[in-house]
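Colleague: Structure file work-v8.cif (mmCIF, C-alpha atoms) is given on the next line.
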data_start
#
loop_
_atom_site.label_atom_id
_atom_site.label_comp_id
_atom_site.auth_asym_id
_atom_site.auth_seq_id
_atom_site.Cartn_x
_atom_site.Cartn_y
_atom_site.Cartn_z
CA MET A 1 77.91 139.79 154.11
CA LEU A 2 74.65 140.32 152.26
CA ILE A 3 73.98 138.90 148.80
CA ASP A 4 71.36 140.50 146.63
CA ALA A 5 68.84 138.51 144.62
CA SER A 6 70.61 138.84 141.27
CA THR A 7 73.92 137.69 142.72
CA GLY A 8 72.19 134.77 144.38
CA ARG A 9 70.62 133.72 141.11
CA SER A 10 74.04 133.96 139.41
CA LEU A 11 75.66 131.79 142.05
CA THR A 12 72.84 129.29 141.81
CA ALA A 13 73.24 129.13 138.03
CA ALA A 14 77.01 128.70 138.35
CA LEU A 15 76.63 125.89 140.87
CA GLY A 16 74.05 124.25 138.65
CA ALA A 17 76.46 124.43 135.75
CA LEU A 18 79.18 122.78 137.82
CA VAL A 19 76.81 120.02 138.85
CA THR A 20 75.37 119.33 135.41
CA VAL A 21 77.96 120.39 132.87
CA ALA A 22 81.07 118.97 134.53
CA PRO A 23 79.78 115.38 134.71
CA ALA A 24 78.54 115.66 131.13
CA SER A 25 81.95 116.81 129.96
CA ARG A 26 83.61 113.97 131.84
CA ILE A 27 81.23 111.47 130.31
CA LYS A 28 81.94 112.90 126.88
CA GLY A 29 85.67 112.69 127.53
CA HIS A 30 85.39 109.08 128.67
CA ALA A 31 83.29 108.29 125.59
CA ARG A 32 85.99 109.71 123.35
CA VAL A 33 88.65 107.66 125.10
CA SER A 34 86.52 104.52 124.84
CA VAL A 35 85.87 105.01 121.13
CA ALA A 36 89.55 105.69 120.44
CA ALA A 37 90.55 102.61 122.45
CA LEU A 38 88.02 100.50 120.53
CA HIS A 39 89.36 101.78 117.21
CA ASP A 40 92.95 101.06 118.25
CA THR A 41 92.09 97.56 119.47
CA VAL A 42 90.23 96.61 116.31
CA LEU A 43 93.03 98.04 114.15
CA TRP A 44 95.65 96.06 116.08
CA LEU A 45 93.66 92.82 115.82
CA LEU A 46 93.06 93.39 112.11
CA VAL A 47 96.74 93.82 111.29
CA ALA A 48 97.93 91.11 113.70
CA SER A 49 95.62 88.60 112.02
CA GLY A 50 97.09 89.39 108.61
CA SER A 51 99.23 86.27 108.57
CA LEU A 52 96.39 83.85 109.39
CA VAL A 53 95.20 82.94 105.92
CA LEU A 54 95.24 79.15 105.92
CA ILE A 55 91.46 79.03 106.20
CA GLU A 56 88.84 80.86 104.14
CA PRO A 57 87.28 83.15 105.03
CA SER A 58 90.33 84.09 107.04
CA PRO A 59 90.22 85.84 110.44
CA TYR A 60 91.60 88.91 108.68
CA GLU A 61 88.61 89.07 106.34
CA ALA A 62 86.18 88.71 109.23
CA LEU A 63 87.97 91.41 111.22
CA PHE A 64 88.07 93.68 108.18
CA ALA A 65 84.27 93.57 108.07
CA VAL A 66 84.21 94.32 111.81
CA ALA A 67 86.63 97.22 111.31
CA ILE A 68 84.43 98.76 108.61
CA VAL A 69 81.49 98.71 111.03
CA VAL A 70 83.49 99.96 114.03
CA PHE A 71 85.19 102.84 112.24
CA GLY A 72 82.09 103.61 110.18
CA ALA A 73 81.42 107.29 109.67
CA SER A 74 84.62 108.29 111.49
CA LEU A 75 86.65 107.43 108.39
CA ARG A 76 87.81 110.61 106.70
CA PHE A 77 88.44 110.81 102.96
CA ASP A 78 91.13 113.34 102.15
CA ARG A 79 91.70 114.96 98.76
CA SER A 80 95.23 113.59 98.77
CA PHE A 81 93.73 110.10 98.32
CA VAL A 82 92.38 110.96 94.86
CA PRO A 83 95.50 109.84 92.91
CA LEU A 84 95.53 106.55 94.84
CA VAL A 85 91.85 105.91 94.18
CA LEU A 86 92.12 106.80 90.48
CA CYS A 87 95.11 104.48 89.99
CA LEU A 88 93.31 101.63 91.74
CA ILE A 89 90.18 102.19 89.66
CA LEU A 90 92.19 102.18 86.42
CA PHE A 91 94.06 99.06 87.50
CA ASN A 92 90.88 97.15 88.30
CA LEU A 93 89.12 98.47 85.21
CA GLY A 94 91.97 97.10 83.10
CA GLY A 95 91.62 93.78 84.86
CA LEU A 96 87.88 93.76 84.21
CA LEU A 97 88.36 94.42 80.49
CA SER A 98 90.99 91.71 80.21
CA LEU A 99 88.63 89.27 81.94
CA ILE A 100 85.96 89.48 79.23
CA PRO A 101 87.25 86.48 77.21
CA TRP A 102 87.84 84.49 80.40
CA THR A 103 84.66 84.98 82.41
CA ASP A 104 84.24 81.21 82.66
CA ASP A 105 87.68 80.76 84.21
CA HIS A 106 87.33 80.54 87.98
CA ASP A 107 90.92 81.50 88.79
CA SER A 108 90.76 84.63 86.62
CA VAL A 109 87.50 85.78 88.21
CA THR A 110 88.87 85.11 91.68
CA PHE A 111 91.99 87.12 90.89
CA LEU A 112 89.90 90.10 89.80
CA PHE A 113 87.75 90.05 92.93
CA THR A 114 90.87 89.68 95.07
CA SER A 115 92.43 92.70 93.38
CA ALA A 116 89.30 94.77 94.03
CA TYR A 117 89.26 93.63 97.67
CA VAL A 118 92.91 94.54 98.19
CA SER A 119 92.26 97.93 96.58
CA ALA A 120 89.42 98.57 99.02
CA THR A 121 91.74 97.57 101.86
CA ALA A 122 94.34 100.08 100.68
CA ILE A 123 91.77 102.88 100.67
CA PHE A 124 90.56 101.83 104.12
CA PHE A 125 94.04 102.03 105.63
CA ALA A 126 94.63 105.37 103.93
CA CYS A 127 91.48 106.72 105.58
CA VAL A 128 92.36 105.21 108.96
CA THR A 129 95.85 106.71 109.02
CA ALA A 130 94.59 110.12 107.91
CA GLU A 131 93.66 110.77 111.54
CA ARG A 132 96.09 110.32 114.47
CA SER A 133 98.58 109.24 111.83
CA LEU A 134 101.68 108.64 113.95
CA GLU A 135 99.78 106.80 116.68
CA ARG A 136 97.96 104.52 114.28
CA LEU A 137 101.05 103.85 112.18
CA GLU A 138 102.81 102.74 115.36
CA ILE A 139 99.88 100.42 116.15
CA ILE A 140 100.09 98.99 112.64
CA ARG A 141 103.85 98.50 112.93
CA ARG A 142 103.64 96.66 116.25
CA ALA A 143 100.74 94.47 115.11
CA TYR A 144 102.46 93.66 111.81
CA ILE A 145 105.58 92.46 113.64
CA VAL A 146 103.39 90.23 115.82
CA ALA A 147 101.76 88.81 112.68
CA ALA A 148 105.19 88.15 111.16
CA VAL A 149 106.37 86.37 114.31
CA ILE A 150 103.25 84.17 114.34
CA GLY A 151 103.72 83.20 110.71
CA SER A 152 107.46 82.67 111.20
CA VAL A 153 107.10 80.44 114.27
CA ALA A 154 104.58 78.31 112.38
CA GLY A 155 106.92 78.14 109.39
CA ILE A 156 109.89 77.04 111.51
CA ALA A 157 107.76 74.45 113.32
CA GLY A 158 106.52 73.13 110.01
CA TYR A 159 109.93 72.98 108.36
CA PHE A 160 111.37 70.87 111.19
CA ASP A 161 108.11 68.92 111.46
CA ILE A 162 107.68 69.79 115.13
CA GLY A 163 104.56 68.13 116.46
CA GLY A 164 103.83 66.66 113.05
CA LEU A 165 103.11 70.10 111.57
CA GLY A 166 105.24 69.57 108.49
CA ASP A 167 102.25 68.84 106.26
CA VAL A 168 100.41 71.91 107.52
CA PHE A 169 103.06 74.63 107.49
CA THR A 170 105.33 73.58 104.61
CA LYS A 171 105.02 73.18 100.87
CA PHE A 172 107.60 71.73 98.48
CA ASP A 173 109.93 71.34 101.50
CA ARG A 174 109.80 75.10 102.07
CA ALA A 175 108.33 76.95 105.03
CA THR A 176 104.90 78.45 104.38
CA GLY A 177 103.89 79.15 107.96
CA THR A 178 100.31 80.31 108.29
CA PHE A 179 100.24 81.17 104.59
CA LYS A 180 99.51 78.85 101.68
CA ASP A 181 102.70 79.56 99.76
CA PRO A 182 106.34 80.13 100.78
CA ASN A 183 106.52 82.97 98.28
CA VAL A 184 103.89 84.78 100.36
CA LEU A 185 105.45 84.19 103.77
CA GLY A 186 108.84 85.37 102.51
CA PRO A 187 107.83 88.83 101.26
CA PHE A 188 105.47 89.27 104.22
CA THR A 189 108.36 89.00 106.67
CA VAL A 190 110.57 91.54 104.89
CA LEU A 191 108.68 94.63 106.05
CA ALA A 192 108.73 93.38 109.64
CA LEU A 193 112.50 92.91 109.45
CA VAL A 194 112.92 96.43 108.06
CA TRP A 195 110.84 97.91 110.88
CA ILE A 196 112.72 95.97 113.56
CA SER A 197 116.06 96.97 112.06
CA GLN A 198 114.96 100.59 112.07
CA ARG A 199 114.06 100.46 115.76
CA ILE A 200 117.45 98.99 116.63
CA LEU A 201 119.55 101.28 114.41
CA VAL A 202 117.92 104.56 115.43
CA GLY A 203 118.18 103.66 119.10
CA GLU A 204 114.47 103.51 119.90
CA ILE A 205 115.14 100.69 122.36
CA ARG A 206 117.63 100.93 125.21
CA ARG A 207 120.32 98.28 125.37
CA GLY A 208 120.21 95.68 128.10
CA THR A 209 116.45 95.88 128.48
CA ILE A 210 113.80 93.21 128.10
CA ALA A 211 112.41 95.16 125.14
CA MET A 212 115.79 94.94 123.38
CA ALA A 213 116.03 91.19 124.02
CA THR A 214 112.49 90.67 122.74
CA THR A 215 113.19 92.76 119.66
CA ILE A 216 116.37 90.87 118.78
CA LEU A 217 114.65 87.52 119.36
CA SER A 218 111.80 88.56 117.07
CA PHE A 219 114.30 89.59 114.41
CA MET A 220 116.12 86.25 114.60
CA ILE A 221 112.88 84.24 114.40
CA ILE A 222 111.57 86.19 111.42
CA ALA A 223 114.93 86.17 109.60
CA PHE A 224 115.31 82.41 110.09
CA ALA A 225 111.81 81.78 108.77
CA LEU A 226 112.56 83.99 105.77
CA PHE A 227 115.62 81.85 105.04
CA LEU A 228 113.55 78.66 105.29
CA THR A 229 111.09 79.91 102.67
CA PHE A 230 113.86 79.85 100.03
CA SER A 231 111.88 82.59 98.33
CA ARG A 232 113.70 84.46 95.56
CA GLY A 233 110.96 87.07 95.58
CA ALA A 234 111.72 87.95 99.20
#
So, in terms of structure tokens, how does the structure I just supplied come out?

Modeller:
Amino acid sequence: MLIDASTGRSLTAALGALVTVAPASRIKGHARVSVAALHDTVLWLLVASGSLVLIEPSPYEALFAVAIVVFGASLRFDRSFVPLVLCLILFNLGGLLSLIPWTDDHDSVTFLFTSAYVSATAIFFACVTAERSLERLEIIRRAYIVAAVIGSVAGIAGYFDIGGLGDVFTKFDRATGTFKDPNVLGPFTVLALVWISQRILVGEIRRGTIAMATTILSFMIIAFALFLTFSRGA
């Protein structure tokens, strides 16, 4: 079978495209997967470190700075965030105005900066969950439960003075865990308990599996730690 010159050139071009374009597309695909995996890993570490606040700056604060750099320009600001941002601005503006007579009070100034920092965190998570919402919310849920378990185990160990940790993880004979106050550990564990209860009640986990046993054990640990905080706020 004879092939004319034009057909030969077309075949050559097609083969060249297969050789050059296909690897490039694969590389691009791998790059996307790598970036997404990096984002997911940093997000998980950020949320999972949320209960480690005994030291300052806390691991959470350091990882938050890392997360800002890692996510960078990929963060997307949606118009639906405008009400949230406006409310946070008004809230912090009110705090700033009320601070005027108390600018020399260290605790008041610290409270204002903390409020602004938490507001920025809220906007960050809103931007993060605007893309791949269900996947990232699931990452946040799993990491938050891990954080609650870490804080709860520390609180239980401290309350019963296991390994001499009573002075570290308790305050006023109440479990504080990896927080500085029992009234912080208590409310922190509530959301984790709600999420675990949801997974059990809606049948997300099959009975008789290791996942079910792990889930129930996590629930019991967190619930017991919540009880040991004796926190009315929780």

Colleague: Rounded to one decimal in Å, what is the spacing between atom CA of Asn183 of chain A and atom CA of Leu84 of chain A?

Modeller: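 We find that atom CA of Asn183 of chain A and atom CA of Leu84 of chain A lie 26.2 Å from each other.
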
Colleague: Extract, using only C-alpha atoms, all DNA, RNA and protein residues at most 12 Å from segment 164-174 of chain A, discarding same-chain residues fewer than 2 positions from it, and format them as a ChimeraX atom specification.

Modeller: /A:52-55,150-162,176-186,225-231

Colleague: What does the PyMOL selection byres ((chain A and resi 42) around 8) select in this file, as a list in words?

Modeller: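 Checked against the file, the PyMOL selection byres ((chain A and resi 42) around 8) matches Leu38, His39, Asp40, Thr41, Leu43, Trp44, Leu45, Leu46, Leu63, Val66, Ala67 and Val70 of chain A.
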
Colleague: For those residues, write C-alpha atoms to a file as a tab-separated table (two decimals), keeping the file's coordinate frame.

Modeller:
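Okay, this is what ended up in again_11.tsv:
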chain	number	residue	atom	x	y	z
A	38	LEU	CA	88.02	100.50	120.53
A	39	HIS	CA	89.36	101.78	117.21
A	40	ASP	CA	92.95	101.06	118.25
A	41	THR	CA	92.09	97.56	119.47
A	43	LEU	CA	93.03	98.04	114.15
A	44	TRP	CA	95.65	96.06	116.08
A	45	LEU	CA	93.66	92.82	115.82
A	46	LEU	CA	93.06	93.39	112.11
A	63	LEU	CA	87.97	91.41	111.22
A	66	VAL	CA	84.21	94.32	111.81
A	67	ALA	CA	86.63	97.22	111.31
A	70	VAL	CA	83.49	99.96	114.03

Colleague: For a quick check of understanding, using only C-alpha atoms, which of A:Leu97, A:Ala36, A:Leu75, A:Ile210 has the smallest distance to Val128 of chain A?

Modeller: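 Among the listed residues, the smallest separation from Val128 of chain A belongs to A:Leu75.
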
Colleague: Just checking: using only C-alpha atoms, which residue out of A:Ala65, A:Val47, A:Ala116, A:Ala73 ends up closest to Tyr144 of chain A?

Modeller: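 Nearest to Tyr144 of chain A: A:Val47.
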
Colleague: With 8 Å on each side, where is the centre of the axis-aligned box around all listed atoms of segment 74-83 of chain A, and how long are its edges in Å to one decimal, as JSON?

Modeller:
{"center_x": 90.1, "center_y": 111.2, "center_z": 102.2, "size_x": 26.9, "size_y": 23.5, "size_z": 34.6}

Colleague: Please report the interatomic distance between atom CA of Arg141 of chain A and atom CA of Ala192 of chain A in Å with one decimal.

Modeller: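 Those two atoms sit 7.8 Å apart.
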
Colleague: Between atom CA of Arg76 of chain A and atom CA of Arg142 of chain A, what is the spacing in Å?

Modeller: 23.2 Å

Colleague: Pick out the residues sitting within 10 Å of Arg199 of chain A, and hand them over as a PDB file with C-alpha atoms, in the frame of the given file; count only C-alpha atoms, and ignore anything fewer than 6 positions along from it in its own chain.

Modeller:
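As written to disk, part.pdb reads:
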ATOM      1  CA  LEU A 193     112.500  92.910 109.450  1.00  0.00           C
ATOM      2  CA  ILE A 205     115.140 100.690 122.360  1.00  0.00           C
ATOM      3  CA  MET A 212     115.790  94.940 123.380  1.00  0.00           C
ATOM      4  CA  THR A 215     113.190  92.760 119.660  1.00  0.00           C
TER       5      THR A 215
END

Colleague: Which residues match the PyMOL selection byres ((chain A and resi 112) around 12) in the file above, as a PyMOL selection string?

Modeller: chain A and resi 91-100+102-103+105-111+113-119

Colleague: Using the selection just defined, write its residues with C-alpha atoms as a compact mmCIF listing (two decimals), keeping the file's coordinate frame.

Modeller:
# COMPACT_ATOMS: atom_id res chain seq x y z
CA PHE A 91 94.06 99.06 87.50
CA ASN A 92 90.88 97.15 88.30
CA LEU A 93 89.12 98.47 85.21
CA GLY A 94 91.97 97.10 83.10
CA GLY A 95 91.62 93.78 84.86
CA LEU A 96 87.88 93.76 84.21
CA LEU A 97 88.36 94.42 80.49
CA SER A 98 90.99 91.71 80.21
CA LEU A 99 88.63 89.27 81.94
CA ILE A 100 85.96 89.48 79.23
CA TRP A 102 87.84 84.49 80.40
CA THR A 103 84.66 84.98 82.41
CA ASP A 105 87.68 80.76 84.21
CA HIS A 106 87.33 80.54 87.98
CA ASP A 107 90.92 81.50 88.79
CA SER A 108 90.76 84.63 86.62
CA VAL A 109 87.50 85.78 88.21
CA THR A 110 88.87 85.11 91.68
CA PHE A 111 91.99 87.12 90.89
CA PHE A 113 87.75 90.05 92.93
CA THR A 114 90.87 89.68 95.07
CA SER A 115 92.43 92.70 93.38
CA ALA A 116 89.30 94.77 94.03
CA TYR A 117 89.26 93.63 97.67
CA VAL A 118 92.91 94.54 98.19
CA SER A 119 92.26 97.93 96.58

Colleague: Which of these residues is nearest to Ser74 of chain A, using only C-alpha atoms: A:Phe124, A:Phe224, A:Phe188, A:Phe219?

Modeller: A:Phe124

Colleague: So which one's closest to Ile140 of chain A, A:Val35, A:Ile216, A:Leu191, A:Leu90? Using only C-alpha atoms, please.

Modeller: A:Leu191

Colleague: Have a look at A:Ala175, A:Gly203, A:Thr214, A:Ala148 and name the one nearest to Ala48 of chain A; count all atoms listed in the file.

Modeller: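 Between A:Ala175, A:Gly203, A:Thr214, A:Ala148, the residue approaching Ala48 of chain A most closely is A:Ala148.
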
Colleague: Would it be fine to have segment 19-147 of chain A, with C-alpha atoms, given as a PDB file, in the first residue's frame?

Modeller:
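Now in decode-v8.pdb:
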ATOM      1  CA  VAL A  19       4.975  11.111  21.825  1.00  0.00           C
ATOM      2  CA  THR A  20       5.023  14.690  23.100  1.00  0.00           C
ATOM      3  CA  VAL A  21       1.492  15.558  24.148  1.00  0.00           C
ATOM      4  CA  ALA A  22       0.580  12.338  25.960  1.00  0.00           C
ATOM      5  CA  PRO A  23       3.506  12.470  28.418  1.00  0.00           C
ATOM      6  CA  ALA A  24       2.836  16.164  29.002  1.00  0.00           C
ATOM      7  CA  SER A  25      -0.802  15.454  29.793  1.00  0.00           C
ATOM      8  CA  ARG A  26       0.205  12.671  32.155  1.00  0.00           C
ATOM      9  CA  ILE A  27       2.675  14.940  33.894  1.00  0.00           C
ATOM     10  CA  LYS A  28       0.005  17.598  34.212  1.00  0.00           C
ATOM     11  CA  GLY A  29      -2.417  15.033  35.625  1.00  0.00           C
ATOM     12  CA  HIS A  30       0.149  13.824  38.146  1.00  0.00           C
ATOM     13  CA  ALA A  31       0.880  17.426  39.110  1.00  0.00           C
ATOM     14  CA  ARG A  32      -2.797  18.032  39.785  1.00  0.00           C
ATOM     15  CA  VAL A  33      -3.010  14.912  41.922  1.00  0.00           C
ATOM     16  CA  SER A  34       0.129  15.902  43.837  1.00  0.00           C
ATOM     17  CA  VAL A  35      -1.144  19.423  44.521  1.00  0.00           C
ATOM     18  CA  ALA A  36      -4.536  18.112  45.634  1.00  0.00           C
ATOM     19  CA  ALA A  37      -2.858  15.546  47.901  1.00  0.00           C
ATOM     20  CA  LEU A  38      -0.641  18.260  49.389  1.00  0.00           C
ATOM     21  CA  HIS A  39      -3.662  20.471  50.045  1.00  0.00           C
ATOM     22  CA  ASP A  40      -5.550  17.604  51.679  1.00  0.00           C
ATOM     23  CA  THR A  41      -2.577  16.639  53.852  1.00  0.00           C
ATOM     24  CA  VAL A  42      -1.973  20.177  55.080  1.00  0.00           C
ATOM     25  CA  LEU A  43      -5.693  20.649  55.756  1.00  0.00           C
ATOM     26  CA  TRP A  44      -5.834  17.410  57.755  1.00  0.00           C
ATOM     27  CA  LEU A  45      -2.757  18.320  59.805  1.00  0.00           C
ATOM     28  CA  LEU A  46      -4.106  21.814  60.442  1.00  0.00           C
ATOM     29  CA  VAL A  47      -7.423  20.590  61.825  1.00  0.00           C
ATOM     30  CA  ALA A  48      -5.922  17.624  63.695  1.00  0.00           C
ATOM     31  CA  SER A  49      -3.556  19.981  65.527  1.00  0.00           C
ATOM     32  CA  GLY A  50      -6.456  22.149  66.673  1.00  0.00           C
ATOM     33  CA  SER A  51      -6.443  20.679  70.171  1.00  0.00           C
ATOM     34  CA  LEU A  52      -2.718  21.229  70.795  1.00  0.00           C
ATOM     35  CA  VAL A  53      -2.752  24.669  72.367  1.00  0.00           C
ATOM     36  CA  LEU A  54      -0.797  24.221  75.581  1.00  0.00           C
ATOM     37  CA  ILE A  55       2.209  25.982  74.094  1.00  0.00           C
ATOM     38  CA  GLU A  56       2.382  29.317  72.273  1.00  0.00           C
ATOM     39  CA  PRO A  57       2.711  29.665  69.404  1.00  0.00           C
ATOM     40  CA  SER A  58       0.746  26.464  69.071  1.00  0.00           C
ATOM     41  CA  PRO A  59       1.292  23.874  66.314  1.00  0.00           C
ATOM     42  CA  TYR A  60      -2.063  24.958  64.903  1.00  0.00           C
ATOM     43  CA  GLU A  61      -0.860  28.533  64.447  1.00  0.00           C
ATOM     44  CA  ALA A  62       2.326  27.372  62.740  1.00  0.00           C
ATOM     45  CA  LEU A  63       0.380  25.049  60.439  1.00  0.00           C
ATOM     46  CA  PHE A  64      -2.114  27.804  59.671  1.00  0.00           C
ATOM     47  CA  ALA A  65       0.743  29.908  58.315  1.00  0.00           C
ATOM     48  CA  VAL A  66       1.914  26.900  56.291  1.00  0.00           C
ATOM     49  CA  ALA A  67      -1.626  26.357  54.979  1.00  0.00           C
ATOM     50  CA  ILE A  68      -1.875  29.964  53.794  1.00  0.00           C
ATOM     51  CA  VAL A  69       1.341  29.500  51.804  1.00  0.00           C
ATOM     52  CA  VAL A  70       0.405  26.061  50.441  1.00  0.00           C
ATOM     53  CA  PHE A  71      -3.108  26.987  49.329  1.00  0.00           C
ATOM     54  CA  GLY A  72      -2.026  30.452  48.210  1.00  0.00           C
ATOM     55  CA  ALA A  73      -3.652  31.656  45.023  1.00  0.00           C
ATOM     56  CA  SER A  74      -5.831  28.539  44.776  1.00  0.00           C
ATOM     57  CA  LEU A  75      -8.165  29.955  47.422  1.00  0.00           C
ATOM     58  CA  ARG A  76     -11.386  31.121  45.811  1.00  0.00           C
ATOM     59  CA  PHE A  77     -13.481  33.934  47.263  1.00  0.00           C
ATOM     60  CA  ASP A  78     -17.155  33.470  46.472  1.00  0.00           C
ATOM     61  CA  ARG A  79     -19.793  36.186  46.565  1.00  0.00           C
ATOM     62  CA  SER A  80     -21.720  34.139  49.098  1.00  0.00           C
ATOM     63  CA  PHE A  81     -18.960  34.919  51.623  1.00  0.00           C
ATOM     64  CA  VAL A  82     -19.792  38.637  51.632  1.00  0.00           C
ATOM     65  CA  PRO A  83     -22.340  38.475  54.515  1.00  0.00           C
ATOM     66  CA  LEU A  84     -19.859  36.469  56.604  1.00  0.00           C
ATOM     67  CA  VAL A  85     -17.031  38.913  55.937  1.00  0.00           C
ATOM     68  CA  LEU A  86     -19.203  41.966  56.643  1.00  0.00           C
ATOM     69  CA  CYS A  87     -20.427  40.521  59.944  1.00  0.00           C
ATOM     70  CA  LEU A  88     -16.877  39.691  61.015  1.00  0.00           C
ATOM     71  CA  ILE A  89     -15.671  43.173  60.068  1.00  0.00           C
ATOM     72  CA  LEU A  90     -18.487  44.808  62.048  1.00  0.00           C
ATOM     73  CA  PHE A  91     -17.815  42.554  65.025  1.00  0.00           C
ATOM     74  CA  ASN A  92     -14.106  43.361  65.101  1.00  0.00           C
ATOM     75  CA  LEU A  93     -14.736  47.038  64.421  1.00  0.00           C
ATOM     76  CA  GLY A  94     -17.009  47.132  67.464  1.00  0.00           C
ATOM     77  CA  GLY A  95     -14.289  45.464  69.490  1.00  0.00           C
ATOM     78  CA  LEU A  96     -11.745  47.997  68.272  1.00  0.00           C
ATOM     79  CA  LEU A  97     -13.959  50.936  69.258  1.00  0.00           C
ATOM     80  CA  SER A  98     -14.628  49.458  72.684  1.00  0.00           C
ATOM     81  CA  LEU A  99     -10.879  48.993  73.184  1.00  0.00           C
ATOM     82  CA  ILE A 100     -10.085  52.714  72.951  1.00  0.00           C
ATOM     83  CA  PRO A 101     -10.303  53.380  76.728  1.00  0.00           C
ATOM     84  CA  TRP A 102      -8.407  50.159  77.476  1.00  0.00           C
ATOM     85  CA  THR A 103      -5.465  50.225  75.081  1.00  0.00           C
ATOM     86  CA  ASP A 104      -3.077  49.818  78.007  1.00  0.00           C
ATOM     87  CA  ASP A 105      -4.794  46.625  79.173  1.00  0.00           C
ATOM     88  CA  HIS A 106      -2.881  43.628  77.842  1.00  0.00           C
ATOM     89  CA  ASP A 107      -5.749  41.148  78.146  1.00  0.00           C
ATOM     90  CA  SER A 108      -8.140  43.403  76.234  1.00  0.00           C
ATOM     91  CA  VAL A 109      -5.666  43.946  73.404  1.00  0.00           C
ATOM     92  CA  THR A 110      -4.925  40.225  73.243  1.00  0.00           C
ATOM     93  CA  PHE A 111      -8.644  39.453  73.057  1.00  0.00           C
ATOM     94  CA  LEU A 112      -9.076  41.826  70.116  1.00  0.00           C
ATOM     95  CA  PHE A 113      -6.165  40.337  68.178  1.00  0.00           C
ATOM     96  CA  THR A 114      -7.440  36.839  68.930  1.00  0.00           C
ATOM     97  CA  SER A 115     -10.880  37.772  67.606  1.00  0.00           C
ATOM     98  CA  ALA A 116      -9.350  39.130  64.398  1.00  0.00           C
ATOM     99  CA  TYR A 117      -7.249  35.974  64.018  1.00  0.00           C
ATOM    100  CA  VAL A 118     -10.248  33.694  64.493  1.00  0.00           C
ATOM    101  CA  SER A 119     -12.187  35.776  61.962  1.00  0.00           C
ATOM    102  CA  ALA A 120      -9.406  35.321  59.418  1.00  0.00           C
ATOM    103  CA  THR A 121      -9.464  31.587  60.131  1.00  0.00           C
ATOM    104  CA  ALA A 122     -13.210  31.474  59.465  1.00  0.00           C
ATOM    105  CA  ILE A 123     -12.754  33.169  56.099  1.00  0.00           C
ATOM    106  CA  PHE A 124      -9.894  30.807  55.247  1.00  0.00           C
ATOM    107  CA  PHE A 125     -11.997  27.710  55.895  1.00  0.00           C
ATOM    108  CA  ALA A 126     -14.875  29.199  53.923  1.00  0.00           C
ATOM    109  CA  CYS A 127     -12.553  29.651  50.943  1.00  0.00           C
ATOM    110  CA  VAL A 128     -11.051  26.179  51.341  1.00  0.00           C
ATOM    111  CA  THR A 129     -14.424  24.436  51.421  1.00  0.00           C
ATOM    112  CA  ALA A 130     -15.719  26.423  48.448  1.00  0.00           C
ATOM    113  CA  GLU A 131     -13.888  23.952  46.210  1.00  0.00           C
ATOM    114  CA  ARG A 132     -14.280  20.152  46.473  1.00  0.00           C
ATOM    115  CA  SER A 133     -16.653  20.915  49.328  1.00  0.00           C
ATOM    116  CA  LEU A 134     -17.806  17.415  50.277  1.00  0.00           C
ATOM    117  CA  GLU A 135     -14.313  15.925  50.086  1.00  0.00           C
ATOM    118  CA  ARG A 136     -12.722  18.650  52.171  1.00  0.00           C
ATOM    119  CA  LEU A 137     -15.538  18.687  54.721  1.00  0.00           C
ATOM    120  CA  GLU A 138     -14.993  14.956  55.188  1.00  0.00           C
ATOM    121  CA  ILE A 139     -11.261  15.589  55.708  1.00  0.00           C
ATOM    122  CA  ILE A 140     -12.095  18.257  58.276  1.00  0.00           C
ATOM    123  CA  ARG A 141     -14.536  15.952  60.062  1.00  0.00           C
ATOM    124  CA  ARG A 142     -12.066  13.070  60.321  1.00  0.00           C
ATOM    125  CA  ALA A 143      -9.212  15.321  61.448  1.00  0.00           C
ATOM    126  CA  TYR A 144     -11.411  17.078  64.013  1.00  0.00           C
ATOM    127  CA  ILE A 145     -12.381  13.750  65.577  1.00  0.00           C
ATOM    128  CA  VAL A 146      -8.688  12.831  65.813  1.00  0.00           C
ATOM    129  CA  ALA A 147      -7.999  16.168  67.515  1.00  0.00           C
TER     130      ALA A 147
END
